[in-house]
Every structure is written in structure tokens, then in C-alpha cells.
$ cat structure_23.pdb   # PDB, C-alpha atoms, pLDDT in the B column
ATOM      1  CA  MET A   1     180.075  42.527  32.677  1.00 53.00           C
ATOM      2  CA  GLU A   2     179.346  39.131  34.148  1.00 61.00           C
ATOM      3  CA  SER A   3     182.198  37.539  32.190  1.00 69.00           C
ATOM      4  CA  ASP A   4     184.586  40.221  33.509  1.00 82.00           C
ATOM      5  CA  ALA A   5     183.639  39.368  37.091  1.00 81.00           C
ATOM      6  CA  ARG A   6     184.047  35.665  36.357  1.00 83.00           C
ATOM      7  CA  GLU A   7     187.467  36.288  34.772  1.00 84.00           C
ATOM      8  CA  GLN A   8     188.540  38.370  37.743  1.00 85.00           C
ATOM      9  CA  LEU A   9     187.475  35.637  40.156  1.00 83.00           C
ATOM     10  CA  GLN A  10     189.449  33.097  38.144  1.00 84.00           C
ATOM     11  CA  ILE A  11     192.520  35.373  38.209  1.00 84.00           C
ATOM     12  CA  ILE A  12     192.181  35.694  41.986  1.00 84.00           C
ATOM     13  CA  GLU A  13     191.794  31.926  42.382  1.00 87.00           C
ATOM     14  CA  ARG A  14     194.857  31.290  40.166  1.00 86.00           C
ATOM     15  CA  ALA A  15     196.906  33.733  42.225  1.00 84.00           C
ATOM     16  CA  ALA A  16     195.781  32.129  45.488  1.00 83.00           C
ATOM     17  CA  ALA A  17     196.639  28.654  44.181  1.00 86.00           C
ATOM     18  CA  ALA A  18     200.029  29.659  42.713  1.00 83.00           C
ATOM     19  CA  PRO A  19     202.159  28.958  45.821  1.00 82.00           C
ATOM     20  CA  TYR A  20     200.672  25.457  46.002  1.00 83.00           C
ATOM     21  CA  VAL A  21     201.108  24.474  42.356  1.00 86.00           C
ATOM     22  CA  ASN A  22     203.906  26.566  40.800  1.00 81.00           C
ATOM     23  CA  TYR A  23     207.223  25.455  42.222  1.00 75.00           C
ATOM     24  CA  PRO A  24     209.975  23.049  41.262  1.00 80.00           C
ATOM     25  CA  ALA A  25     209.450  19.375  41.998  1.00 81.00           C
ATOM     26  CA  THR A  26     211.388  17.978  44.921  1.00 84.00           C
ATOM     27  CA  PRO A  27     214.587  16.187  43.910  1.00 88.00           C
ATOM     28  CA  TRP A  28     214.629  12.375  43.583  1.00 92.00           C
ATOM     29  CA  TRP A  29     216.753  12.099  46.725  1.00 94.00           C
ATOM     30  CA  TYR A  30     214.313  14.041  48.928  1.00 92.00           C
ATOM     31  CA  SER A  31     212.265  11.081  50.221  1.00 95.00           C
ATOM     32  CA  PRO A  32     215.243   8.761  50.940  1.00 97.00           C
ATOM     33  CA  LEU A  33     217.114  11.608  52.636  1.00 95.00           C
ATOM     34  CA  VAL A  34     214.184  12.381  54.941  1.00 95.00           C
ATOM     35  CA  GLY A  35     213.809   8.639  55.631  1.00 97.00           C
ATOM     36  CA  LEU A  36     217.504   8.433  56.483  1.00 97.00           C
ATOM     37  CA  TRP A  37     217.178  11.459  58.756  1.00 96.00           C
ATOM     38  CA  ALA A  38     214.232   9.846  60.589  1.00 96.00           C
ATOM     39  CA  ALA A  39     216.202   6.609  60.970  1.00 96.00           C
ATOM     40  CA  ALA A  40     219.198   8.540  62.297  1.00 95.00           C
ATOM     41  CA  MET A  41     216.991  10.350  64.828  1.00 94.00           C
ATOM     42  CA  ILE A  42     215.784   7.007  66.141  1.00 94.00           C
ATOM     43  CA  GLY A  43     219.259   5.487  65.902  1.00 91.00           C
ATOM     44  CA  ALA A  44     220.568   8.267  68.142  1.00 91.00           C
ATOM     45  CA  PHE A  45     218.609   6.674  70.970  1.00 85.00           C
ATOM     46  CA  THR A  46     221.153   3.834  70.935  1.00 82.00           C
ATOM     47  CA  TRP A  47     223.333   6.116  73.073  1.00 78.00           C
ATOM     48  CA  TRP A  48     220.524   7.467  75.248  1.00 79.00           C
ATOM     49  CA  ARG A  49     221.453   5.600  78.435  1.00 76.00           C
ATOM     50  CA  GLU A  50     225.026   4.685  77.556  1.00 85.00           C
ATOM     51  CA  ASN A  51     226.563   8.028  76.595  1.00 89.00           C
ATOM     52  CA  THR A  52     224.613  11.217  77.174  1.00 88.00           C
ATOM     53  CA  ALA A  53     227.167  13.373  75.351  1.00 90.00           C
ATOM     54  CA  LEU A  54     226.964  11.277  72.145  1.00 90.00           C
ATOM     55  CA  PHE A  55     223.172  11.260  72.359  1.00 90.00           C
ATOM     56  CA  ALA A  56     222.939  15.043  72.828  1.00 91.00           C
ATOM     57  CA  ALA A  57     225.538  15.742  70.130  1.00 92.00           C
ATOM     58  CA  SER A  58     223.851  13.481  67.596  1.00 93.00           C
ATOM     59  CA  LEU A  59     220.462  15.080  68.264  1.00 92.00           C
ATOM     60  CA  ALA A  60     221.968  18.572  67.961  1.00 95.00           C
ATOM     61  CA  ILE A  61     223.623  17.687  64.639  1.00 95.00           C
ATOM     62  CA  LEU A  62     220.432  16.142  63.245  1.00 95.00           C
ATOM     63  CA  ILE A  63     218.320  19.126  64.307  1.00 96.00           C
ATOM     64  CA  ALA A  64     220.860  21.529  62.755  1.00 97.00           C
ATOM     65  CA  LEU A  65     220.777  19.509  59.516  1.00 95.00           C
ATOM     66  CA  GLU A  66     216.991  19.696  59.517  1.00 93.00           C
ATOM     67  CA  GLY A  67     217.086  23.473  59.965  1.00 93.00           C
ATOM     68  CA  ALA A  68     219.606  23.874  57.140  1.00 93.00           C
ATOM     69  CA  PHE A  69     217.541  21.634  54.864  1.00 89.00           C
ATOM     70  CA  ILE A  70     214.310  23.523  55.576  1.00 85.00           C
ATOM     71  CA  ALA A  71     216.055  26.852  54.921  1.00 86.00           C
ATOM     72  CA  TRP A  72     217.445  25.521  51.619  1.00 86.00           C
ATOM     73  CA  ILE A  73     214.130  24.138  50.406  1.00 82.00           C
ATOM     74  CA  GLN A  74     212.296  27.351  51.319  1.00 79.00           C
ATOM     75  CA  ARG A  75     214.837  29.405  49.331  1.00 81.00           C
ATOM     76  CA  ARG A  76     214.533  26.953  46.427  1.00 78.00           C
ATOM     77  CA  HIS A  77     210.735  27.024  46.384  1.00 74.00           C
ATOM     78  CA  GLY A  78     210.199  30.666  47.209  1.00 67.00           C
ATOM     79  CA  ALA A  79     206.740  30.528  48.783  1.00 59.00           C
ATOM     80  CA  LEU A  80     206.784  27.064  50.294  1.00 59.00           C
ATOM     81  CA  PRO A  81     203.337  25.912  51.395  1.00 61.00           C
ATOM     82  CA  MET A  82     203.536  23.862  54.573  1.00 64.00           C
ATOM     83  CA  PRO A  83     200.849  21.275  55.293  1.00 62.00           C
ATOM     84  CA  GLY A  84     198.372  22.711  57.738  1.00 60.00           C
ATOM     85  CA  ARG A  85     199.145  26.366  56.936  1.00 68.00           C
ATOM     86  CA  GLY A  86     197.233  28.569  54.575  1.00 74.00           C
ATOM     87  CA  THR A  87     194.214  27.740  52.481  1.00 82.00           C
ATOM     88  CA  PRO A  88     195.158  25.369  49.680  1.00 87.00           C
ATOM     89  CA  PRO A  89     192.927  24.502  46.748  1.00 91.00           C
ATOM     90  CA  ALA A  90     190.464  21.701  47.583  1.00 91.00           C
ATOM     91  CA  GLU A  91     192.429  19.064  45.643  1.00 93.00           C
ATOM     92  CA  ILE A  92     195.573  19.767  47.653  1.00 91.00           C
ATOM     93  CA  GLY A  93     193.636  20.084  50.901  1.00 90.00           C
ATOM     94  CA  ARG A  94     192.542  16.446  50.484  1.00 94.00           C
ATOM     95  CA  VAL A  95     196.170  15.368  50.051  1.00 93.00           C
ATOM     96  CA  TRP A  96     197.167  17.303  53.165  1.00 90.00           C
ATOM     97  CA  ARG A  97     194.401  15.683  55.202  1.00 92.00           C
ATOM     98  CA  GLY A  98     195.652  12.273  54.097  1.00 94.00           C
ATOM     99  CA  TYR A  99     199.176  13.275  55.138  1.00 92.00           C
ATOM    100  CA  PHE A 100     198.022  14.248  58.632  1.00 91.00           C
ATOM    101  CA  LEU A 101     195.891  11.122  59.013  1.00 94.00           C
ATOM    102  CA  ALA A 102     198.904   8.983  58.044  1.00 96.00           C
ATOM    103  CA  LEU A 103     201.270  10.566  60.596  1.00 95.00           C
ATOM    104  CA  PRO A 104     199.918   8.697  63.644  1.00 97.00           C
ATOM    105  CA  VAL A 105     199.909   5.450  61.644  1.00 97.00           C
ATOM    106  CA  VAL A 106     203.574   5.943  60.726  1.00 96.00           C
ATOM    107  CA  ALA A 107     204.459   6.822  64.327  1.00 96.00           C
ATOM    108  CA  GLY A 108     202.537   3.770  65.550  1.00 97.00           C
ATOM    109  CA  LEU A 109     204.345   1.428  63.145  1.00 97.00           C
ATOM    110  CA  ILE A 110     207.721   2.781  64.229  1.00 97.00           C
ATOM    111  CA  ALA A 111     206.781   2.561  67.908  1.00 96.00           C
ATOM    112  CA  LEU A 112     205.600  -1.037  67.432  1.00 97.00           C
ATOM    113  CA  ALA A 113     208.861  -1.913  65.680  1.00 97.00           C
ATOM    114  CA  TRP A 114     210.804  -0.293  68.529  1.00 96.00           C
ATOM    115  CA  TRP A 115     208.825  -2.214  71.127  1.00 96.00           C
ATOM    116  CA  LEU A 116     209.168  -5.543  69.323  1.00 97.00           C
ATOM    117  CA  GLY A 117     212.709  -5.261  67.966  1.00 96.00           C
ATOM    118  CA  GLY A 118     214.497  -2.402  69.658  1.00 94.00           C
ATOM    119  CA  VAL A 119     216.189   0.679  68.278  1.00 93.00           C
ATOM    120  CA  PRO A 120     217.842  -0.912  65.194  1.00 94.00           C
ATOM    121  CA  VAL A 121     214.556  -2.422  63.958  1.00 96.00           C
ATOM    122  CA  ALA A 122     212.752   0.862  64.616  1.00 96.00           C
ATOM    123  CA  ALA A 123     215.399   2.806  62.685  1.00 96.00           C
ATOM    124  CA  VAL A 124     215.104   0.497  59.668  1.00 97.00           C
ATOM    125  CA  THR A 125     211.308   0.658  59.887  1.00 98.00           C
ATOM    126  CA  ALA A 126     211.452   4.447  60.065  1.00 97.00           C
ATOM    127  CA  PHE A 127     213.644   4.608  56.973  1.00 98.00           C
ATOM    128  CA  VAL A 128     211.361   2.327  54.954  1.00 98.00           C
ATOM    129  CA  VAL A 129     208.021   3.749  56.109  1.00 98.00           C
ATOM    130  CA  VAL A 130     209.030   7.419  55.988  1.00 97.00           C
ATOM    131  CA  THR A 131     210.727   7.080  52.596  1.00 98.00           C
ATOM    132  CA  ALA A 132     207.817   5.170  51.043  1.00 97.00           C
ATOM    133  CA  GLY A 133     205.178   7.359  52.681  1.00 97.00           C
ATOM    134  CA  LEU A 134     206.822  10.591  51.632  1.00 95.00           C
ATOM    135  CA  ALA A 135     207.341   9.359  48.056  1.00 96.00           C
ATOM    136  CA  TYR A 136     203.652   8.402  47.935  1.00 96.00           C
ATOM    137  CA  TYR A 137     202.646  11.802  49.329  1.00 94.00           C
ATOM    138  CA  GLU A 138     204.835  13.593  46.761  1.00 92.00           C
ATOM    139  CA  ARG A 139     203.206  11.654  43.912  1.00 94.00           C
ATOM    140  CA  ARG A 140     199.701  12.372  45.205  1.00 95.00           C
ATOM    141  CA  TYR A 141     200.556  16.054  45.664  1.00 92.00           C
ATOM    142  CA  GLY A 142     201.890  16.236  42.104  1.00 92.00           C
ATOM    143  CA  VAL A 143     198.669  14.737  40.745  1.00 94.00           C
ATOM    144  CA  ALA A 144     196.559  17.127  42.826  1.00 94.00           C
ATOM    145  CA  ALA A 145     198.624  20.132  41.710  1.00 93.00           C
ATOM    146  CA  ALA A 146     198.209  19.075  38.067  1.00 93.00           C
ATOM    147  CA  LYS A 147     194.434  18.867  38.573  1.00 95.00           C
ATOM    148  CA  VAL A 148     194.391  22.368  40.060  1.00 93.00           C
ATOM    149  CA  ARG A 149     196.450  23.752  37.174  1.00 91.00           C
ATOM    150  CA  GLU A 150     194.122  22.058  34.688  1.00 92.00           C
ATOM    151  CA  ARG A 151     191.004  23.357  36.436  1.00 90.00           C
ATOM    152  CA  LEU A 152     192.326  26.914  36.547  1.00 88.00           C
ATOM    153  CA  ALA A 153     193.750  26.987  33.020  1.00 82.00           C
TER     154      ALA A 153
END
$ encode --input "structure_23.pdb" --output "C-alpha cells"
Amino acid sequence: MESDAREQLQIIERAAAAPYVNYPATPWWYSPLVGLWAAAMIGAFTWWRENTALFAASLAILIALEGAFIAWIQRRHGALPMPGRGTPPAEIGRVWRGYFLALPVVAGLIALAWWLGGVPVAAVTAFVVVTAGLAYYERRYGVAAAKVRERLA
């Protein structure tokens, strides 16, 4: 009887963890594309004071691209867990906490680059930092997901 209860708890835990660990890996181009998008968002500020129409149009295009990308990736993944939503397994929760702790550091580095070198330097910094940071996060998430799968096997 006790083993049945234990098995049932493990089945429940596997089902709860499934959206966090059972989905296709992100494509190789995901991190550089997001880095390029972040750089383009910052680069749009080149026109902020000079041409309001170009600034507004570029922001609108970039926001529309983001919406289309998010819709595509959610369809591709099915149940796409978003950092900060839901109750992930402990291993993935640690990765998410690291992600959220890194966000202000990334924003601070980009802001510092903007202050010291202007929009072009900030855009390049955004591309490098966002691409590298997201690739690192993806690797850590993959390792954490593998640990969860192993633990629940």
C-alpha cells in the first residue's frame, strides 16, 4: 500500500514537472536573435530626438516581431513555462532565480555602456551580453532539466 502511494506521488510529480522538462530545445539561433533584437531596440533610440516617426515605427516593428516570435515559440513548445510563473521543480527554480538576479546586472551593464559610449556602444553591448547571457541560461536550464528527468525516472 505504501509503495502504491509513493508511486502515485512520483507520477504526480512527473506530471507537474513535464512542462518544464519535456519540450524541444531552443534552436541554435535563438540566443543571437534575441541579442540582435535587444541591440535593435537600443539602436532605435538613435532616432529618438531626430525623427519621431522613424523611432515610433522601429519600436512598433520590433514589438510586433517580439509578439510573433513569442506566439511561434509557444506553439512550438506547447506548454511553455515562463520564468516567474508556475511552480517549477527545485532544480529549475534555482536557474530561474539566477536569471532574475542577472537581469539588473545586464541592464546596468547596458546602461553604463550607453552612458559612457552612447547608443552604438550600448547596442553592441546589448547584443554581446544578452546573447552570451541567454546562451548561458539555456545551458544551465538544460542541465537542470536533465537532473529533474534523472531524479524522476
$ closest_residue --input "structure_23.pdb" --among "A:Ala39, A:Leu33, A:Leu54, A:Ala102" --to "Phe69 of chain A" --atoms "all atoms listed in the file"
A:Leu33
$ closest_residue --input "structure_23.pdb" --among "A:Val130, A:Val119, A:Ala25, A:Val143" --to "Pro104 of chain A" --atoms "all atoms listed in the file"
A:Val130
$ resolve_selection --input "structure_23.pdb" --expression "the PyMOL selection byres ((chain A and resi 30) around 12)" --output "PyMOL selection string"
chain A and resi 25-29+31-37+69-70+73+130-135+137-138
$ closest_residue --input "structure_23.pdb" --among "A:Val105, A:Ile110, A:Ala5, A:Ala126" --to "Ala40 of chain A" --atoms "all atoms listed in the file"
A:Ala126
$ closest_residue --input "structure_23.pdb" --among "A:Ile11, A:Arg6, A:Arg140, A:Gly43" --to "Gly98 of chain A" --atoms "all atoms listed in the file"
A:Arg140
$ resolve_selection --input "structure_23.pdb" --expression "the PyMOL selection byres ((chain A and resi 153) around 12)" --output "count of residues only"
15
$ atom_distance --input "structure_23.pdb" --atom1 "atom CA of Trp48 of chain A" --atom2 "atom CA of Leu116 of chain A"
18.3 Å
$ closest_residue --input "structure_23.pdb" --among "A:Tyr136, A:Asp4, A:Ala144, A:Pro19" --to "His77 of chain A" --atoms "all atoms listed in the file"
A:Pro19
$ atom_distance --input "structure_23.pdb" --atom1 "atom CA of Gln74 of chain A" --atom2 "atom CA of Val124 of chain A"
28.3 Å
$ atom_distance --input "structure_23.pdb" --atom1 "atom CA of Arg97 of chain A" --atom2 "atom CA of Val129 of chain A"
18.1 Å
$ resolve_selection --input "structure_23.pdb" --expression "the PyMOL selection byres ((chain A and resi 20) around 8)" --output "JSON, numbers by chain"
{"A": [17, 18, 19, 21, 22, 23, 80, 81, 88, 89, 92, 145]}
$ axis_aligned_box --input "structure_23.pdb" --around "segment 97-113 of chain A" --padding-each-side "5 Å" --output "JSON"
{"center_x": 201.6, "center_y": 6.9, "center_z": 61.0, "size_x": 24.5, "size_y": 27.6, "size_z": 23.8}
$ residues_around --input "structure_23.pdb" --residues "Ser58 of chain A" --least-positions-apart "4" --cutoff "10 Å" --atoms "all atoms listed in the file" --output "ChimeraX atom specification"
/A:40-41,43-45,47,52-54,62-64
$ write_last_selection --input "structure_23.pdb" --atoms "C-alpha atoms" --output "PDB file, in the coordinates of the input"
ATOM      1  CA  ALA A  40     219.198   8.540  62.297  1.00 95.00           C
ATOM      2  CA  MET A  41     216.991  10.350  64.828  1.00 94.00           C
ATOM      3  CA  GLY A  43     219.259   5.487  65.902  1.00 91.00           C
ATOM      4  CA  ALA A  44     220.568   8.267  68.142  1.00 91.00           C
ATOM      5  CA  PHE A  45     218.609   6.674  70.970  1.00 85.00           C
ATOM      6  CA  TRP A  47     223.333   6.116  73.073  1.00 78.00           C
ATOM      7  CA  THR A  52     224.613  11.217  77.174  1.00 88.00           C
ATOM      8  CA  ALA A  53     227.167  13.373  75.351  1.00 90.00           C
ATOM      9  CA  LEU A  54     226.964  11.277  72.145  1.00 90.00           C
ATOM     10  CA  LEU A  62     220.432  16.142  63.245  1.00 95.00           C
ATOM     11  CA  ILE A  63     218.320  19.126  64.307  1.00 96.00           C
ATOM     12  CA  ALA A  64     220.860  21.529  62.755  1.00 97.00           C
TER      13      ALA A  64
END
$ residues_around --input "structure_23.pdb" --residues "Ala113 of chain A" --least-positions-apart "6" --cutoff "8 Å" --atoms "only C-alpha atoms" --output "PDB file with C-alpha atoms, in the frame of the given file"
ATOM      1  CA  VAL A 121     214.556  -2.422  63.958  1.00 96.00           C
ATOM      2  CA  ALA A 122     212.752   0.862  64.616  1.00 96.00           C
ATOM      3  CA  THR A 125     211.308   0.658  59.887  1.00 98.00           C
TER       4      THR A 125
END
$ closest_residue --input "structure_23.pdb" --among "A:Pro24, A:Ala90, A:Leu101, A:Pro120" --to "Gly142 of chain A" --atoms "all atoms listed in the file"
A:Pro24
$ build_atoms --input "structure_23.pdb" --residues "segment 41-52 of chain A" --atoms "all heavy atoms" --output "PDB file, keeping the file's coordinate frame"
ATOM      1  N   MET A  41     217.556   9.818  63.576  1.00 94.00           N
ATOM      2  CA  MET A  41     216.991  10.350  64.828  1.00 94.00           C
ATOM      3  C   MET A  41     216.677   9.212  65.796  1.00 94.00           C
ATOM      4  O   MET A  41     216.971   9.304  66.986  1.00 94.00           O
ATOM      5  CB  MET A  41     215.711  11.146  64.548  1.00 94.00           C
ATOM      6  CG  MET A  41     215.947  12.557  64.132  1.00 94.00           C
ATOM      7  SD  MET A  41     216.725  13.556  65.396  1.00 94.00           S
ATOM      8  CE  MET A  41     215.347  14.468  66.003  1.00 94.00           C
ATOM      9  N   ILE A  42     216.102   8.145  65.280  1.00 94.00           N
ATOM     10  CA  ILE A  42     215.784   7.007  66.141  1.00 94.00           C
ATOM     11  C   ILE A  42     217.065   6.286  66.548  1.00 94.00           C
ATOM     12  O   ILE A  42     217.226   5.890  67.699  1.00 94.00           O
ATOM     13  CB  ILE A  42     214.791   6.075  65.435  1.00 94.00           C
ATOM     14  CG1 ILE A  42     213.448   6.778  65.348  1.00 94.00           C
ATOM     15  CG2 ILE A  42     214.668   4.739  66.173  1.00 94.00           C
ATOM     16  CD1 ILE A  42     212.454   6.142  64.445  1.00 94.00           C
ATOM     17  N   GLY A  43     217.990   6.142  65.601  1.00 91.00           N
ATOM     18  CA  GLY A  43     219.259   5.487  65.902  1.00 91.00           C
ATOM     19  C   GLY A  43     220.053   6.200  66.986  1.00 91.00           C
ATOM     20  O   GLY A  43     220.814   5.570  67.726  1.00 91.00           O
ATOM     21  N   ALA A  44     219.869   7.505  67.102  1.00 91.00           N
ATOM     22  CA  ALA A  44     220.568   8.267  68.142  1.00 91.00           C
ATOM     23  C   ALA A  44     220.208   7.763  69.534  1.00 91.00           C
ATOM     24  O   ALA A  44     220.999   7.884  70.472  1.00 91.00           O
ATOM     25  CB  ALA A  44     220.243   9.752  68.010  1.00 91.00           C
ATOM     26  N   PHE A  45     219.037   7.173  69.663  1.00 85.00           N
ATOM     27  CA  PHE A  45     218.609   6.674  70.970  1.00 85.00           C
ATOM     28  C   PHE A  45     219.411   5.456  71.421  1.00 85.00           C
ATOM     29  O   PHE A  45     219.291   5.016  72.552  1.00 85.00           O
ATOM     30  CB  PHE A  45     217.104   6.382  70.973  1.00 85.00           C
ATOM     31  CG  PHE A  45     216.287   7.621  71.126  1.00 85.00           C
ATOM     32  CD1 PHE A  45     215.909   8.356  70.009  1.00 85.00           C
ATOM     33  CD2 PHE A  45     215.933   8.087  72.373  1.00 85.00           C
ATOM     34  CE1 PHE A  45     215.181   9.515  70.135  1.00 85.00           C
ATOM     35  CE2 PHE A  45     215.202   9.245  72.520  1.00 85.00           C
ATOM     36  CZ  PHE A  45     214.821   9.975  71.397  1.00 85.00           C
ATOM     37  N   THR A  46     220.251   4.915  70.543  1.00 82.00           N
ATOM     38  CA  THR A  46     221.153   3.834  70.935  1.00 82.00           C
ATOM     39  C   THR A  46     222.037   4.299  72.083  1.00 82.00           C
ATOM     40  O   THR A  46     222.385   3.519  72.967  1.00 82.00           O
ATOM     41  CB  THR A  46     222.023   3.417  69.724  1.00 82.00           C
ATOM     42  OG1 THR A  46     221.158   3.003  68.685  1.00 82.00           O
ATOM     43  CG2 THR A  46     222.981   2.318  70.075  1.00 82.00           C
ATOM     44  N   TRP A  47     222.430   5.583  72.058  1.00 78.00           N
ATOM     45  CA  TRP A  47     223.333   6.116  73.073  1.00 78.00           C
ATOM     46  C   TRP A  47     222.611   6.775  74.238  1.00 78.00           C
ATOM     47  O   TRP A  47     223.253   7.308  75.138  1.00 78.00           O
ATOM     48  CB  TRP A  47     224.264   7.148  72.435  1.00 78.00           C
ATOM     49  CG  TRP A  47     225.131   6.576  71.382  1.00 78.00           C
ATOM     50  CD1 TRP A  47     226.005   5.554  71.524  1.00 78.00           C
ATOM     51  CD2 TRP A  47     225.211   6.986  70.031  1.00 78.00           C
ATOM     52  NE1 TRP A  47     226.627   5.305  70.342  1.00 78.00           N
ATOM     53  CE2 TRP A  47     226.160   6.164  69.403  1.00 78.00           C
ATOM     54  CE3 TRP A  47     224.573   7.965  69.281  1.00 78.00           C
ATOM     55  CZ2 TRP A  47     226.491   6.307  68.068  1.00 78.00           C
ATOM     56  CZ3 TRP A  47     224.903   8.105  67.956  1.00 78.00           C
ATOM     57  CH2 TRP A  47     225.854   7.279  67.357  1.00 78.00           C
ATOM     58  N   TRP A  48     221.304   6.739  74.246  1.00 79.00           N
ATOM     59  CA  TRP A  48     220.524   7.467  75.248  1.00 79.00           C
ATOM     60  C   TRP A  48     220.988   7.191  76.667  1.00 79.00           C
ATOM     61  O   TRP A  48     221.268   8.100  77.437  1.00 79.00           O
ATOM     62  CB  TRP A  48     219.052   7.110  75.060  1.00 79.00           C
ATOM     63  CG  TRP A  48     218.119   7.780  76.017  1.00 79.00           C
ATOM     64  CD1 TRP A  48     218.206   9.053  76.463  1.00 79.00           C
ATOM     65  CD2 TRP A  48     216.971   7.218  76.605  1.00 79.00           C
ATOM     66  NE1 TRP A  48     217.165   9.335  77.296  1.00 79.00           N
ATOM     67  CE2 TRP A  48     216.381   8.206  77.412  1.00 79.00           C
ATOM     68  CE3 TRP A  48     216.357   5.989  76.543  1.00 79.00           C
ATOM     69  CZ2 TRP A  48     215.235   7.996  78.139  1.00 79.00           C
ATOM     70  CZ3 TRP A  48     215.201   5.785  77.255  1.00 79.00           C
ATOM     71  CH2 TRP A  48     214.655   6.765  78.047  1.00 79.00           C
ATOM     72  N   ARG A  49     221.070   5.949  77.057  1.00 76.00           N
ATOM     73  CA  ARG A  49     221.453   5.600  78.435  1.00 76.00           C
ATOM     74  C   ARG A  49     222.945   5.363  78.583  1.00 76.00           C
ATOM     75  O   ARG A  49     223.475   5.434  79.680  1.00 76.00           O
ATOM     76  CB  ARG A  49     220.686   4.359  78.879  1.00 76.00           C
ATOM     77  CG  ARG A  49     219.224   4.652  79.052  1.00 76.00           C
ATOM     78  CD  ARG A  49     218.515   3.493  79.693  1.00 76.00           C
ATOM     79  NE  ARG A  49     217.127   3.855  79.920  1.00 76.00           N
ATOM     80  CZ  ARG A  49     216.122   3.032  79.793  1.00 76.00           C
ATOM     81  NH1 ARG A  49     216.323   1.781  79.440  1.00 76.00           N
ATOM     82  NH2 ARG A  49     214.889   3.438  80.032  1.00 76.00           N
ATOM     83  N   GLU A  50     223.621   5.056  77.479  1.00 85.00           N
ATOM     84  CA  GLU A  50     225.026   4.685  77.556  1.00 85.00           C
ATOM     85  C   GLU A  50     225.960   5.894  77.537  1.00 85.00           C
ATOM     86  O   GLU A  50     226.980   5.905  78.230  1.00 85.00           O
ATOM     87  CB  GLU A  50     225.379   3.746  76.401  1.00 85.00           C
ATOM     88  CG  GLU A  50     224.601   2.440  76.457  1.00 85.00           C
ATOM     89  CD  GLU A  50     224.663   1.682  75.151  1.00 85.00           C
ATOM     90  OE1 GLU A  50     225.542   1.978  74.327  1.00 85.00           O
ATOM     91  OE2 GLU A  50     223.818   0.793  74.970  1.00 85.00           O
ATOM     92  N   ASN A  51     225.671   6.884  76.726  1.00 89.00           N
ATOM     93  CA  ASN A  51     226.563   8.028  76.595  1.00 89.00           C
ATOM     94  C   ASN A  51     225.732   9.277  76.286  1.00 89.00           C
ATOM     95  O   ASN A  51     225.384   9.527  75.134  1.00 89.00           O
ATOM     96  CB  ASN A  51     227.594   7.770  75.493  1.00 89.00           C
ATOM     97  CG  ASN A  51     228.694   8.808  75.470  1.00 89.00           C
ATOM     98  OD1 ASN A  51     228.475   9.974  75.782  1.00 89.00           O
ATOM     99  ND2 ASN A  51     229.889   8.372  75.109  1.00 89.00           N
ATOM    100  N   THR A  52     225.468  10.040  77.311  1.00 88.00           N
ATOM    101  CA  THR A  52     224.613  11.217  77.174  1.00 88.00           C
ATOM    102  C   THR A  52     225.205  12.238  76.210  1.00 88.00           C
ATOM    103  O   THR A  52     224.478  12.868  75.432  1.00 88.00           O
ATOM    104  CB  THR A  52     224.380  11.863  78.555  1.00 88.00           C
ATOM    105  OG1 THR A  52     223.854  10.874  79.434  1.00 88.00           O
ATOM    106  CG2 THR A  52     223.410  13.019  78.471  1.00 88.00           C
TER     107      THR A  52
END
